[in-house]
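Report on the following structure.
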Number of protein chains: 2
Amino acid sequence: MAGAGELDELVDRLRALGERVTTARRLVLGALLDAGHDHTSAEQLAGVIQRDHPDVNLSTVYRTLDLLESVGLVIRAGLGTGAATTYHLVDRPHHHAVCDGCGAVIDLPAGAFDAVVRRLEREHGFAARPSHLTLTGRCADCR
Amino acid sequence: MAGAGELDELVDRLRALGERVTTARRLVLGALLDAGHDHTSAEQLAGVIQRDHPDVNLSTVYRTLDLLESVGLVIRAGLGTGAATTYHLVDRPHHHAVCDGCGAVIDLPAGAFDAVVRRLEREHGFAARPSHLTLTGRCADCR
DNA sequence: TCCTGGTTGCGAAGAGTTCGCAGAAGCAAG
DNA sequence: CTTGCTTCTGCGAACTCTTCGCAACCAGGA
């Protein structure tokens, strides 16, 4: 279980953005906090929430995740085909390396792509979202 | 329409890999060639093919794309939620920048990520597929 | 040309996600 | 605290994209 302080902070941010704070949204944020830096699917989040609150619907989790993404509190990492979309809090910027073999998602330090991002900006006018870079390959275990 | 020579070359590569060359596979490869460097969905490809060959089924296009991906002739770029998975030939290595705003896929030169890829290998033991890096952000037009 | 196993078309199933609606709940004002 | 407007939620159905099973078919080797 994550500390209550963190949840309150997220809730306050949501309110400050002019969004309503509802029970369902609090629960989704709480579940995302509990997930730590793991990448969880909407269904997984709903499962966790429904252990204590069976009346929270999967649709609501999807809608809440959409909202949280639109205000920048959450990002979605669209993995390859078959796998469901996963979400996690934008607590600190980092990047994803997804292993083709085992599907593992490896978090990479935020600075890894800085040079590339700057170059893209300069040469292509493309503003990369610094917290959302995904690359695929093979992790050390699967090679 | 792409040159016939290119198609023959792809067909030969497929045969050399021990895979059967069927009409449907030839058509899928042809459609991928015609698409050039655009990223096309299975449905788009099926549509193009079915203009001349209405009897080619969407299932077959999916199965063929899976095959082509498994032998390394095609890569799939799983864009965000909602959008269908897109595919394109691995004609030359390059990377993708996907715009959040308009969904445009920008091809980036192969070398852009070389330094990062090498560093990932060294520091994380992660072997990135050099032909499949995706990053999201905002293109020049959408900013 | 004949055989054999991989491939295809077809239809249906499956997973993940979205939508519409009526009732419930958040939040601001009184 | 109560009221009232607006947004949110639960529910269920619909939708899209993708996969599967099966019988007929065909590519490639003998």
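Residue numbering restarts at 1 for every chain of the structure tokens, chains are lettered A, B, ... in their displayed order, and ligands are numbered from 1 as they appear.
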
* With a distance cut-off of 9 Å and only C-alpha atoms (C1' of nucleotides), select the neighbouring residues of segment 2-18 of chain D, excluding the residue or stretch itself and same-chain residues fewer than 2 positions from it, and output the selection as a list in words. =>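 So, after excluding close chain neighbours, the residues are Arg20, Thr22, Ala24, Asp55, Val56, Asn57, Ser59, Thr60, Thr81 and Gly82 of chain A; Ser59, Tyr62, Gly82, Ala84 and Thr85 of chain B; DG14, DA15, DT17, DT18, DC19, DG23, DA24, DA25, DG26, DA29 and DG30 of chain C.
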
* To do: Find the distance between atom CA of Gly125 of chain B and atom CA of Arg118 of chain A and write it in Å to one decimal.
  =>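 Interatomic distance here is 24.8 Å.
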
* Structure fact -> In Å and to one decimal, atom CA of Ile75 of chain B is distant from atom CA of His39 of chain B by 9.9 Å

Within 9 Å of chain B, which residues of chain C show up? Give each one with its shortest atom-to-atom distance in Å (one decimal) and the two atoms involved, counting only C-alpha atoms (C1' of nucleotides), rows by chain then rising residue number, as a tab-separated table.
```
residue	atom	partner	partner_atom	distance
C:DG6	C1'	B:Arg20	CA	7.9
C:DT7	C1'	B:Thr22	CA	8.1
C:DT8	C1'	B:Thr60	CA	6.8
C:DG9	C1'	B:Asn57	CA	6.3
C:DC10	C1'	B:Asn57	CA	8.5
C:DT17	C1'	B:Gly82	CA	7.9
```

* Asked: Can you tell me how far atom CA of Ala128 of chain B sits from atom CA of Ala97 of chain B, in Å to one decimal?
  -> 16.2 Å

DSSP helix (DSSP H, G or I) selection over segment 1-83 of chain B, as a short mmCIF file (atom, residue, chain, number, x, y, z; two decimals) with N, CA and C atoms, in the first residue's frame:
```
data_model
loop_
_atom_site.label_atom_id
_atom_site.label_comp_id
_atom_site.auth_asym_id
_atom_site.auth_seq_id
_atom_site.Cartn_x
_atom_site.Cartn_y
_atom_site.Cartn_z
N ALA B 4 8.29 -4.31 -60.76
CA ALA B 4 8.13 -5.75 -60.61
C ALA B 4 9.40 -6.39 -60.04
N GLY B 5 10.53 -5.74 -60.33
CA GLY B 5 11.78 -6.31 -59.84
C GLY B 5 11.84 -6.38 -58.34
N GLU B 6 11.34 -5.35 -57.70
CA GLU B 6 11.35 -5.35 -56.24
C GLU B 6 10.52 -6.48 -55.68
N LEU B 7 9.35 -6.69 -56.31
CA LEU B 7 8.48 -7.76 -55.85
C LEU B 7 9.18 -9.11 -55.99
N ASP B 8 9.78 -9.32 -57.15
CA ASP B 8 10.48 -10.58 -57.38
C ASP B 8 11.56 -10.81 -56.34
N GLU B 9 12.24 -9.73 -56.01
CA GLU B 9 13.31 -9.86 -55.03
C GLU B 9 12.75 -10.31 -53.67
N LEU B 10 11.63 -9.69 -53.28
CA LEU B 10 11.01 -10.07 -52.01
C LEU B 10 10.52 -11.52 -52.06
N VAL B 11 9.91 -11.88 -53.16
CA VAL B 11 9.41 -13.25 -53.32
C VAL B 11 10.56 -14.24 -53.22
N ASP B 12 11.67 -13.91 -53.84
CA ASP B 12 12.82 -14.80 -53.78
C ASP B 12 13.34 -14.93 -52.35
N ARG B 13 13.33 -13.81 -51.65
CA ARG B 13 13.80 -13.87 -50.27
C ARG B 13 12.90 -14.78 -49.44
N LEU B 14 11.60 -14.68 -49.71
CA LEU B 14 10.65 -15.51 -48.98
C LEU B 14 10.91 -16.99 -49.29
N ARG B 15 11.11 -17.28 -50.53
CA ARG B 15 11.35 -18.66 -50.93
C ARG B 15 12.65 -19.17 -50.31
N ALA B 16 13.65 -18.31 -50.32
CA ALA B 16 14.95 -18.71 -49.78
C ALA B 16 14.83 -19.02 -48.28
N THR B 23 -0.21 -16.98 -54.10
CA THR B 23 -0.77 -15.78 -54.72
C THR B 23 -1.04 -14.71 -53.68
N ALA B 24 -1.66 -15.14 -52.58
CA ALA B 24 -2.02 -14.17 -51.55
C ALA B 24 -0.78 -13.47 -51.00
N ARG B 25 0.28 -14.23 -50.80
CA ARG B 25 1.48 -13.63 -50.23
C ARG B 25 2.12 -12.66 -51.20
N ARG B 26 2.08 -13.05 -52.49
CA ARG B 26 2.60 -12.14 -53.50
C ARG B 26 1.81 -10.83 -53.47
N LEU B 27 0.51 -10.96 -53.35
CA LEU B 27 -0.34 -9.77 -53.36
C LEU B 27 -0.08 -8.88 -52.15
N VAL B 28 0.11 -9.51 -51.00
CA VAL B 28 0.38 -8.71 -49.80
C VAL B 28 1.70 -7.98 -49.95
N LEU B 29 2.70 -8.68 -50.43
CA LEU B 29 3.99 -8.03 -50.64
C LEU B 29 3.87 -6.89 -51.64
N GLY B 30 3.11 -7.14 -52.70
CA GLY B 30 2.90 -6.10 -53.69
C GLY B 30 2.23 -4.88 -53.10
N ALA B 31 1.24 -5.12 -52.27
CA ALA B 31 0.52 -4.00 -51.65
C ALA B 31 1.43 -3.24 -50.70
N LEU B 32 2.29 -3.97 -50.00
CA LEU B 32 3.23 -3.30 -49.10
C LEU B 32 4.22 -2.46 -49.90
N LEU B 33 4.65 -2.97 -51.03
CA LEU B 33 5.56 -2.21 -51.89
C LEU B 33 4.87 -0.95 -52.39
N ASP B 34 3.64 -1.09 -52.84
CA ASP B 34 2.91 0.07 -53.34
C ASP B 34 2.74 1.12 -52.26
N ALA B 42 -3.67 -3.68 -41.66
CA ALA B 42 -4.06 -4.90 -42.36
C ALA B 42 -5.30 -4.66 -43.21
N GLU B 43 -6.20 -3.89 -42.68
CA GLU B 43 -7.45 -3.63 -43.39
C GLU B 43 -7.20 -2.81 -44.67
N GLN B 44 -6.33 -1.83 -44.57
CA GLN B 44 -6.00 -1.04 -45.75
C GLN B 44 -5.40 -1.92 -46.84
N LEU B 45 -4.48 -2.77 -46.42
CA LEU B 45 -3.83 -3.65 -47.38
C LEU B 45 -4.86 -4.57 -48.03
N ALA B 46 -5.75 -5.12 -47.21
CA ALA B 46 -6.78 -6.01 -47.74
C ALA B 46 -7.65 -5.25 -48.74
N GLY B 47 -7.98 -4.00 -48.42
CA GLY B 47 -8.79 -3.19 -49.31
C GLY B 47 -8.14 -3.03 -50.67
N VAL B 48 -6.86 -2.68 -50.66
CA VAL B 48 -6.13 -2.49 -51.91
C VAL B 48 -6.11 -3.79 -52.72
N ILE B 49 -5.81 -4.86 -52.04
CA ILE B 49 -5.72 -6.15 -52.72
C ILE B 49 -7.07 -6.57 -53.28
N GLN B 50 -8.12 -6.32 -52.51
CA GLN B 50 -9.43 -6.80 -52.91
C GLN B 50 -10.02 -6.02 -54.08
N ARG B 51 -9.43 -4.88 -54.39
CA ARG B 51 -9.91 -4.18 -55.58
C ARG B 51 -9.73 -5.06 -56.81
N ASP B 52 -8.60 -5.77 -56.87
CA ASP B 52 -8.35 -6.65 -58.01
C ASP B 52 -8.62 -8.12 -57.72
N LEU B 58 -9.40 -11.09 -45.40
CA LEU B 58 -8.68 -10.31 -44.41
C LEU B 58 -7.87 -11.20 -43.46
N SER B 59 -8.43 -12.35 -43.12
CA SER B 59 -7.68 -13.28 -42.26
C SER B 59 -6.34 -13.63 -42.88
N THR B 60 -6.36 -13.84 -44.16
CA THR B 60 -5.14 -14.23 -44.85
C THR B 60 -4.12 -13.10 -44.81
N VAL B 61 -4.59 -11.89 -44.93
CA VAL B 61 -3.68 -10.75 -44.84
C VAL B 61 -3.03 -10.73 -43.47
N TYR B 62 -3.83 -10.93 -42.44
CA TYR B 62 -3.27 -10.97 -41.08
C TYR B 62 -2.26 -12.10 -40.96
N ARG B 63 -2.62 -13.27 -41.45
CA ARG B 63 -1.72 -14.42 -41.32
C ARG B 63 -0.44 -14.18 -42.10
N THR B 64 -0.58 -13.58 -43.26
CA THR B 64 0.61 -13.31 -44.07
C THR B 64 1.50 -12.28 -43.40
N LEU B 65 0.89 -11.26 -42.83
CA LEU B 65 1.69 -10.24 -42.15
C LEU B 65 2.42 -10.84 -40.96
N ASP B 66 1.75 -11.73 -40.24
CA ASP B 66 2.40 -12.41 -39.13
C ASP B 66 3.61 -13.18 -39.63
N LEU B 67 3.41 -13.89 -40.71
CA LEU B 67 4.51 -14.67 -41.28
C LEU B 67 5.66 -13.76 -41.68
N LEU B 68 5.32 -12.72 -42.41
CA LEU B 68 6.36 -11.81 -42.90
C LEU B 68 7.10 -11.15 -41.74
N GLU B 69 6.37 -10.88 -40.69
CA GLU B 69 7.05 -10.29 -39.53
C GLU B 69 7.99 -11.31 -38.88
N SER B 70 7.51 -12.55 -38.81
CA SER B 70 8.31 -13.57 -38.11
C SER B 70 9.61 -13.88 -38.87
#
```

* Which is closest to chain D among B:Ser41, B:Val90, B:Thr136, B:Val116, if we use only C-alpha atoms (C1' of nucleotides)? ->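 For chain D, the nearest of the given residues is B:Ser41.
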